[in-house]
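Coordinates as given in query.txt (compact mmCIF, C-alpha atoms (C1' of nucleotides)):
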# COMPACT_ATOMS: atom_id res chain seq x y z
CA MET A 9 -30.43 -26.25 -32.23
CA SER A 10 -29.01 -24.24 -29.44
CA LYS A 11 -30.39 -21.25 -27.71
CA PRO A 12 -27.63 -19.70 -25.67
CA SER A 13 -28.91 -16.18 -26.18
CA PRO A 14 -32.04 -15.39 -24.25
CA LYS A 15 -31.72 -11.84 -25.42
CA LYS A 16 -34.20 -10.28 -27.72
CA PRO A 17 -33.55 -10.92 -31.39
CA ALA A 18 -32.64 -8.15 -33.79
CA GLY A 19 -35.94 -8.33 -35.55
CA ARG A 20 -37.54 -5.57 -33.57
CA SER A 21 -38.63 -2.70 -35.67
CA ARG A 22 -41.80 -0.80 -35.36
CA THR A 23 -43.33 -1.16 -38.74
CA PRO A 24 -46.17 1.19 -39.57
CA ILE A 25 -47.51 -1.25 -42.07
CA ARG A 26 -50.29 1.02 -43.17
CA GLU A 27 -47.86 3.74 -44.12
CA LYS A 28 -45.87 1.17 -45.96
CA LEU A 29 -48.80 0.15 -48.04
CA THR A 30 -49.95 3.62 -48.90
CA THR A 31 -46.61 5.26 -49.36
CA VAL A 32 -44.16 4.67 -52.15
CA ARG A 33 -40.75 4.85 -50.63
CA PRO A 34 -37.68 5.98 -52.56
CA SER A 35 -35.31 3.28 -53.67
CA GLY A 36 -32.25 2.68 -51.60
CA GLU A 37 -34.27 3.13 -48.48
CA LYS A 38 -33.50 0.13 -46.34
CA ASP A 39 -33.54 0.79 -42.66
CA ASP A 40 -34.55 -1.54 -39.89
CA ASN A 41 -37.64 -2.41 -41.75
CA PHE A 42 -38.19 -6.01 -40.79
CA PHE A 43 -41.01 -6.46 -43.22
CA GLU A 44 -38.98 -5.43 -46.21
CA LEU A 45 -36.21 -7.75 -45.16
CA VAL A 46 -38.71 -10.57 -45.03
CA HIS A 47 -39.97 -9.64 -48.47
CA ALA A 48 -36.43 -9.54 -49.80
CA VAL A 49 -35.72 -13.05 -48.56
CA ALA A 50 -39.05 -14.41 -49.72
CA ARG A 51 -38.43 -13.11 -53.21
CA GLN A 52 -35.28 -15.23 -53.38
CA ILE A 53 -37.17 -18.47 -52.98
CA PRO A 54 -36.55 -20.41 -56.20
CA LYS A 55 -39.53 -21.42 -58.24
CA GLY A 56 -40.65 -24.89 -57.35
CA ARG A 57 -39.14 -24.71 -53.87
CA VAL A 58 -40.65 -23.75 -50.53
CA THR A 59 -39.47 -22.48 -47.18
CA THR A 60 -40.94 -21.80 -43.78
CA TYR A 61 -41.79 -18.76 -41.69
CA GLY A 62 -39.34 -19.83 -39.04
CA ALA A 63 -36.52 -20.33 -41.52
CA ILE A 64 -36.92 -16.81 -42.85
CA ALA A 65 -37.09 -15.38 -39.35
CA ALA A 66 -33.97 -17.30 -38.36
CA ALA A 67 -32.14 -16.06 -41.45
CA LEU A 68 -32.88 -12.53 -40.35
CA GLY A 69 -31.72 -13.14 -36.82
CA ALA A 70 -35.23 -13.07 -35.42
CA ARG A 71 -35.55 -16.69 -34.50
CA GLY A 72 -38.63 -16.36 -32.38
CA SER A 73 -40.49 -14.00 -34.64
CA ALA A 74 -41.92 -16.43 -37.15
CA ARG A 75 -45.31 -14.86 -36.63
CA MET A 76 -44.07 -11.55 -37.88
CA VAL A 77 -42.88 -13.24 -41.04
CA GLY A 78 -46.34 -14.54 -41.74
CA TRP A 79 -47.64 -11.13 -41.03
CA ALA A 80 -45.25 -9.58 -43.48
CA MET A 81 -46.65 -11.89 -46.12
CA ILE A 82 -50.00 -10.16 -45.83
CA SER A 83 -48.53 -6.95 -47.17
CA GLY A 84 -46.34 -8.97 -49.50
CA HIS A 85 -48.92 -9.00 -52.23
CA LEU A 86 -49.73 -5.33 -51.93
CA VAL A 87 -46.29 -3.87 -52.46
CA GLU A 88 -45.04 -2.99 -55.89
CA ASN A 89 -42.68 -5.90 -56.20
CA PRO A 90 -44.93 -8.87 -55.40
CA VAL A 91 -43.73 -11.54 -53.02
CA PRO A 92 -44.27 -15.24 -53.84
CA ALA A 93 -45.90 -15.81 -50.48
CA HIS A 94 -47.38 -19.10 -51.65
CA ARG A 95 -43.90 -20.60 -51.38
CA VAL A 96 -43.88 -19.99 -47.66
CA VAL A 97 -45.54 -22.63 -45.51
CA ASN A 98 -45.32 -23.65 -41.90
CA ARG A 99 -42.68 -25.99 -40.54
CA THR A 100 -44.68 -29.13 -41.31
CA GLY A 101 -45.25 -28.13 -44.90
CA LEU A 102 -48.86 -27.25 -44.26
CA LEU A 103 -50.37 -24.41 -46.28
CA THR A 104 -51.47 -22.42 -43.25
CA GLY A 105 -51.63 -19.20 -45.23
CA ARG A 106 -54.16 -20.44 -47.72
CA HIS A 107 -57.06 -18.70 -46.02
CA HIS A 108 -55.59 -15.40 -47.03
CA TYR A 109 -55.95 -16.20 -50.70
CA ASN A 110 -58.95 -15.69 -52.84
CA PRO A 111 -60.13 -18.28 -53.10
CA PRO A 112 -58.12 -20.27 -50.54
CA GLU A 113 -57.44 -22.94 -53.13
CA ARG A 114 -55.42 -20.44 -55.09
CA MET A 115 -52.33 -20.96 -52.98
CA GLN A 116 -52.29 -24.66 -53.76
CA LYS A 117 -52.96 -23.90 -57.40
CA LEU A 118 -49.96 -21.62 -57.61
CA LEU A 119 -47.71 -24.24 -56.06
CA GLU A 120 -48.96 -26.98 -58.32
CA LYS A 121 -48.29 -24.74 -61.27
CA GLU A 122 -44.67 -24.79 -60.20
CA GLY A 123 -44.59 -28.55 -60.08
CA ILE A 124 -45.19 -28.91 -56.36
CA LYS A 125 -47.65 -31.59 -55.33
CA ILE A 126 -50.11 -30.85 -52.59
CA LYS A 127 -52.05 -33.40 -50.60
CA ASP A 128 -54.46 -32.40 -47.86
CA ASN A 129 -53.14 -28.84 -47.85
CA GLN A 130 -49.67 -30.20 -47.29
CA VAL A 131 -46.59 -30.08 -49.50
CA VAL A 132 -45.66 -33.53 -50.73
CA ASP A 133 -41.99 -34.35 -50.25
CA PHE A 134 -41.61 -31.18 -48.26
CA ALA A 135 -38.21 -32.08 -46.83
CA ARG A 136 -36.74 -32.34 -50.30
CA LEU A 137 -38.29 -29.13 -51.60
CA PHE A 138 -37.41 -27.16 -48.52
CA TRP A 139 -35.18 -24.19 -49.26
CA ASP A 140 -33.27 -22.84 -46.28
CA PRO A 141 -32.42 -19.15 -46.78
CA SER A 142 -29.70 -19.13 -44.14
CA ARG A 143 -27.99 -22.14 -45.66
CA GLU A 144 -28.54 -21.86 -49.40
CA LEU A 145 -28.54 -18.11 -49.70
C1' DA B 19 -53.01 1.58 -21.59
C1' DC B 20 -54.66 -3.35 -21.58
C1' DG B 21 -55.94 -7.61 -23.50
C1' DC B 22 -56.77 -10.41 -27.37
C1' DT B 23 -55.60 -12.08 -31.88
C1' DG B 24 -52.70 -14.33 -35.21
C1' DA B 25 -49.94 -16.94 -42.61
C1' DC B 26 -45.42 -19.64 -36.00
C1' DT B 27 -42.55 -22.77 -33.35
C1' DA B 28 -40.25 -25.35 -29.67
C1' DT B 29 -40.96 -27.72 -25.54
C1' DT B 30 -43.26 -30.64 -22.30
C1' DA B 31 -46.61 -34.01 -20.77
C1' DC C 4 -49.32 -39.48 -32.33
C1' DT C 5 -52.23 -35.23 -29.74
C1' DA C 6 -52.80 -31.33 -26.40
C1' DA C 7 -51.43 -27.71 -23.61
C1' DT C 8 -47.96 -23.92 -22.66
C1' DA C 9 -44.96 -20.48 -23.41
C1' DG C 10 -42.35 -17.18 -26.09
C1' DC C 11 -42.93 -13.96 -29.90
C1' DC C 12 -44.65 -8.75 -31.25
C1' DA C 13 -47.50 -5.47 -34.29
C1' DG C 14 -52.23 -4.05 -34.76
C1' DC C 15 -56.75 -3.14 -33.06
C1' DG C 16 -60.90 -2.39 -29.98

Would you mind giving the structure from this file in structure tokens?
Amino acid sequence: MSKPSPKKPAGRSRTPIREKLTTVRPSGEKDDNFFELVHAVARQIPKGRVTTYGAIAAALGARGSARMVGWAMISGHLVENPVPAHRVVNRTGLLTGRHHYNPPERMQKLLEKEGIKIKDNQVVDFARLFWDPSREL
DNA sequence: ACGCTGACTATTA
DNA sequence: CTAATAGCCAGCG
């Protein structure tokens, strides 16, 4: 990978997450809302496939903002159109977001229900199941 | 306003 | 392989 642009990525967007969660926004409203973009991409993840925080961030042009993607997942289950956040893992295929589920084992359960095998909180055959939004979308 | 935290990742030692 | 470091940036005390 190359990094010729030290400039700030386009992912910046102040996102009053609390307003987002408590306010129903009219359809067609799609501004610089980074979180909604993340949700939109995450919803495209095919069943039985997984992707990473970094891959989603990169697809949105915010290469270095993988953390914000994970953050967006937190609200992902509170919005009207639910986001399959369980299909998003870290770059090694580890289920780092499992602690946000109730109970934590639920994330693994959801993945297994889609035919994905999990061993030690890690996606088995991760490389093969990996779905790259910027390449396959 | 400042510093720390965190569902991350790439780099370096 | 592991560990430390540095970017990243919105929220919170």

| message | Between atom CA of A:Asn89 and atom CA of A:Arg71, what is the distance in Å, rounded to a tenth? | response | 25.3 Å

| said: Show me, as a list in words, every residue of chain A with an atom at most 10 Å from chain B, counting only C-alpha atoms (C1' of nucleotides). | reply: Thr60, Tyr61, Gly62, Ala65, Arg71, Gly72, Ser73, Ala74, Arg75, Met76, Val77, Gly78, Trp79, Ala80, Met81, Ile82, Ala93, His94, Val96, Val97, Asn98, Arg99, Leu103, Thr104, Gly105, Arg106, His107 and His108 of chain A

| query | Got a sec to pull out which chain C residues are within 10 Å of chain A, counting all atoms listed in the file, and send them as a PyMOL selection string? | reply | chain C and resi 10-14

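Atom CA of A:Pro54 lies 10.6 Å from atom CA of A:Glu144.
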
Any chance you could work out the axis-aligned box around stretch 87-106 of chain A, listed atoms only, 8 Å on each side, giving centre and edge lengths in Å to one decimal, as JSON?
{"center_x": -48.4, "center_y": -16.1, "center_z": -48.4, "size_x": 27.5, "size_y": 42.1, "size_z": 31.7}

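The space between atom CA of A:Ala67 and atom CA of A:Phe138 spans 14.2 Å.
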
Do a neighbour search on stretch 121-136 of chain A at 8 Å with all atoms listed in the file, toss out local chain neighbours closer than 2 positions, and write the hits as a JSON list (two decimals) with C-alpha atoms, in the coordinates of the input.
[["chain", "number", "residue", "atom", "x", "y", "z"],
["A", 55, "LYS", "CA", -39.53, -21.42, -58.24],
["A", 56, "GLY", "CA", -40.65, -24.89, -57.35],
["A", 57, "ARG", "CA", -39.14, -24.71, -53.87],
["A", 58, "VAL", "CA", -40.65, -23.75, -50.53],
["A", 100, "THR", "CA", -44.68, -29.13, -41.31],
["A", 101, "GLY", "CA", -45.25, -28.13, -44.90],
["A", 102, "LEU", "CA", -48.86, -27.25, -44.26],
["A", 103, "LEU", "CA", -50.37, -24.41, -46.28],
["A", 116, "GLN", "CA", -52.29, -24.66, -53.76],
["A", 117, "LYS", "CA", -52.96, -23.90, -57.40],
["A", 118, "LEU", "CA", -49.96, -21.62, -57.61],
["A", 119, "LEU", "CA", -47.71, -24.24, -56.06],
["A", 138, "PHE", "CA", -37.41, -27.16, -48.52]]
